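Student: Next up is a structure, given as structure tokens.
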2 protein chains.
Amino acid sequence: MGAPDPFESSPDETRGEMMRATYEALRKHGYSDLTIQRIGDEFPKSKSLIYQHYDGKDDLLVAFLEFLLERFKADVPSDDDFEDARDHLLTLVERPLADPDDEHVAFLGAMAALRGQAPFDEAYREQFADTDAFFREHVADIVRDGIEQGVFREVDPERTAAFISATIDGAQSQYVTTGNEAAVDDVRRELTEYVRRRLVVDGEDGS
Amino acid sequence: MGAPDPFESSPDETRGEMMRATYEALRKHGYSDLTIQRIGDEFPKSKSLIYQHYDGKDDLLVAFLEFLLERFKADVPSDDDFEDARDHLLTLVERPLADPDDEHVAFLGAMAALRGQAPFDEAYREQFADTDAFFREHVADIVRDGIEQGVFREVDPERTAAFISATIDGAQSQYVTTGNEAAVDDVRRELTEYVRRRLVVDGEDGS
């Protein structure tokens with residue numbers, strides 16, 4: 001899946017270091033055993049800087065989710081990197097479910113831990129709502145492009161995007177909470193097949 | 001979705017009451033703020049009974065997941081309740097994503113909270129691995145039945161089941177961690193469409 005490293009080359013060095021420290025502490029300890037003290041242990045500068053910026057663990061973690069979404073938005077590949085919308089969408093559905101390396105598993109574990117807080121905390125819920133909406137819109141844009149290019153059938157872009165996003169999220173969450181690699185591989189194959197059959201014009205021949 | 005009440009008519013009354021107390025405390029407080037004390041507050045008998053049976057919060061919560069899986073297995077509807085495998089599978093994919101009532105949302109929130117612990121705790125991981133495997137096998141059995149009955153195409157039952165299971169899980173998790181009802185409704189419609197087009201023989205006519 002390619003290890004994400006959203007902490008590099010942050011325009012604000014201290015903020016980037018604080019976010020990296022949050023991530024390192026979160027992936028080690030999970031949400032429940034996470035403390036500002038433990039985040040401070042991963043931070044190369046004075047711990048007091050963290051207290052100056054954030055009101056506590058949840059405030060810092062919500063800022064961390066916001067930071068990830070910003071970087072995620074900045075890192076979205078351009079259409080120019082792909083032959084057409086078909087190539088773009090197939091890459092997008094294959095990549096997050098293929099060859100999970102340790103770094104990416106740790107990242108997904110950290111996300112699962114924070115999602116687990118969302119049902120009980122409005123600020124987390126808003127942040128995940130923004131993140132999910134951004135990913136869905138991104139997928140819907142690719143679907144719309146494909147319809148315009150004549151490579152996709154006239155499907156409902158929002159509905160298709162919601163479906164793809166839920167499937168990827170579910171497969172990643174199941175993988176990181178069970179360790180079952182065969183299942184995530186099955187989902188990846190079937191999701192690719194879904195794109196080929198349901199979206200791609202004359203898809204049966206392409207598969 | 002129909003409120004699950006796996007705590008009723010437990011063959012062991014005290015165990016059922018302990019599991020219900022765990023659930024009530026979990027849905028109120030989430031994982032992180034959950035304590036044996038708070039579980040005890042929901043338990044009609046002496047708190048000391050809880051300490052006698054369980055080594056601590058995680059031991060009790062893993063037992064709680066085990067209990068849910070047992071009840072889930074016992075409550076799986078029989079083939080006789082459905083016209084054929086097509087009817088069975090369409091009901092199975094529609095029900096968990098339709099009309100979420102408060103009770104079911106609370107239940108899914110509790111599950112998301114416990115999934116969030118799994119990347120950091122082997123005992124939780126094993127429990128979710130069992131639960132996910134059971135649901136996948138259940139779906140695969142229905143798919144196999146449908147192929148035998150001639151109502152489904154010759155798809156790969158395991159791969160299809162992994163895909164359906166990931167999609168339902170992802171949609172539920174996204175819903176309960178964002179509150180976005182429109183998205184879960186989109187997923188439900190598209191998943192139904194997937195079953196009709198990909199599995200059902202002559203499915204295009206049936207939709």
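By order of appearance in the structure tokens: chains A, B, ..., then residues from 1 within every chain, and ligands from 1 in the order shown.
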Residues of chain A near chain B: apply a cut-off of 6 Å, count only C-alpha atoms, and supply the list as a ChimeraX atom specification.
Tutor: /A:32,109,112-113,116,118-119,125,128-129,159,162-163,166-167,169-171,176-178,183,186-187
Student: I'd like the contact shell of Pro77 (chain A) - 12 Å cut-off, only C-alpha atoms, skipping same-chain residues fewer than 3 positions apart - returned as number ranges by chain.
Tutor: A: 71-74, 80-82, 88-89, 91-92, 138-139, 142
Student: Please give the complete set of residues from region 25-200 of chain B that DSSP, run on the backbone, assigns to helix (DSSP H, G or I), formatted as a ChimeraX atom specification.
Tutor: /B:25-29,36-41,48-53,57-75,79-81,85-97,102-115,118-120,122-149,157-178,181-199
Student: Distance CA of Leu26 (chain A)-CA of Ile39 (chain A), one decimal place?
Tutor: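 Answer for the CA of Leu26 (chain A) to CA of Ile39 (chain A) separation: 7.9 Å.
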Student: Applying 10 Å and only C-alpha atoms, which residues near Asp202 (chain B) remain after dropping the ones on its own chain fewer than 5 positions away? List them as a ChimeraX atom specification.
Tutor: /B:151-153,196-197,207
Student: Just write the chosen residues, N, CA, C and O atoms, as an mmCIF file, in the first residue's frame.
Tutor:
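Output below, filename result_2.cif:
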```cif
data_model
loop_
_atom_site.group_PDB
_atom_site.id
_atom_site.type_symbol
_atom_site.label_atom_id
_atom_site.label_comp_id
_atom_site.auth_asym_id
_atom_site.auth_seq_id
_atom_site.Cartn_x
_atom_site.Cartn_y
_atom_site.Cartn_z
ATOM 1 N N VAL B 151 -30.174 -20.216 -8.714
ATOM 2 C CA VAL B 151 -30.585 -18.805 -8.741
ATOM 3 C C VAL B 151 -29.381 -17.853 -8.790
ATOM 4 O O VAL B 151 -29.522 -16.687 -9.158
ATOM 5 N N PHE B 152 -28.190 -18.353 -8.407
ATOM 6 C CA PHE B 152 -26.967 -17.537 -8.493
ATOM 7 C C PHE B 152 -26.028 -18.092 -9.564
ATOM 8 O O PHE B 152 -25.977 -19.308 -9.794
ATOM 9 N N ARG B 153 -25.251 -17.192 -10.146
ATOM 10 C CA ARG B 153 -24.190 -17.595 -11.069
ATOM 11 C C ARG B 153 -23.080 -18.333 -10.300
ATOM 12 O O ARG B 153 -23.004 -18.235 -9.076
ATOM 13 N N ARG B 196 -27.845 -8.284 -7.225
ATOM 14 C CA ARG B 196 -28.725 -8.565 -8.368
ATOM 15 C C ARG B 196 -27.945 -8.776 -9.662
ATOM 16 O O ARG B 196 -28.235 -9.676 -10.438
ATOM 17 N N ARG B 197 -26.956 -7.902 -9.894
ATOM 18 C CA ARG B 197 -26.254 -7.943 -11.180
ATOM 19 C C ARG B 197 -25.167 -9.011 -11.224
ATOM 20 O O ARG B 197 -24.950 -9.665 -12.233
ATOM 21 N N SER B 207 -34.004 -6.468 -11.490
ATOM 22 C CA SER B 207 -33.756 -5.229 -10.738
ATOM 23 C C SER B 207 -34.643 -4.084 -11.212
ATOM 24 O O SER B 207 -35.360 -4.213 -12.163
#
```
Student: Skipping near chain neighbours, those fewer than 3 positions away, what residues fall within 7 Å of Ala21 (chain B) using only C-alpha atoms, listed as number ranges by chain?
Tutor: B: 17-18, 24-25, 39, 42-43
Student: Please compute the CA of Asp58 (chain B)-CA of Leu61 (chain A) distance, one decimal, in Å.
Tutor: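 Interatomic distance, CA of Asp58 (chain B) to CA of Leu61 (chain A): 23.4 Å.
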Student: For Val200 (chain A), which residue among A:Asp84, A:Asp41, A:Asp102, A:Glu181 is the nearest when counting only C-alpha atoms?
Tutor: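 Of all the options, A:Asp84 lies closest to Val200 (chain A).
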Student: Rank nothing, just name the residue among B:Arg15, B:Val195, B:Ile36, B:Leu90 nearest to Asp59 (chain B), using only C-alpha atoms.
Tutor: B:Ile36
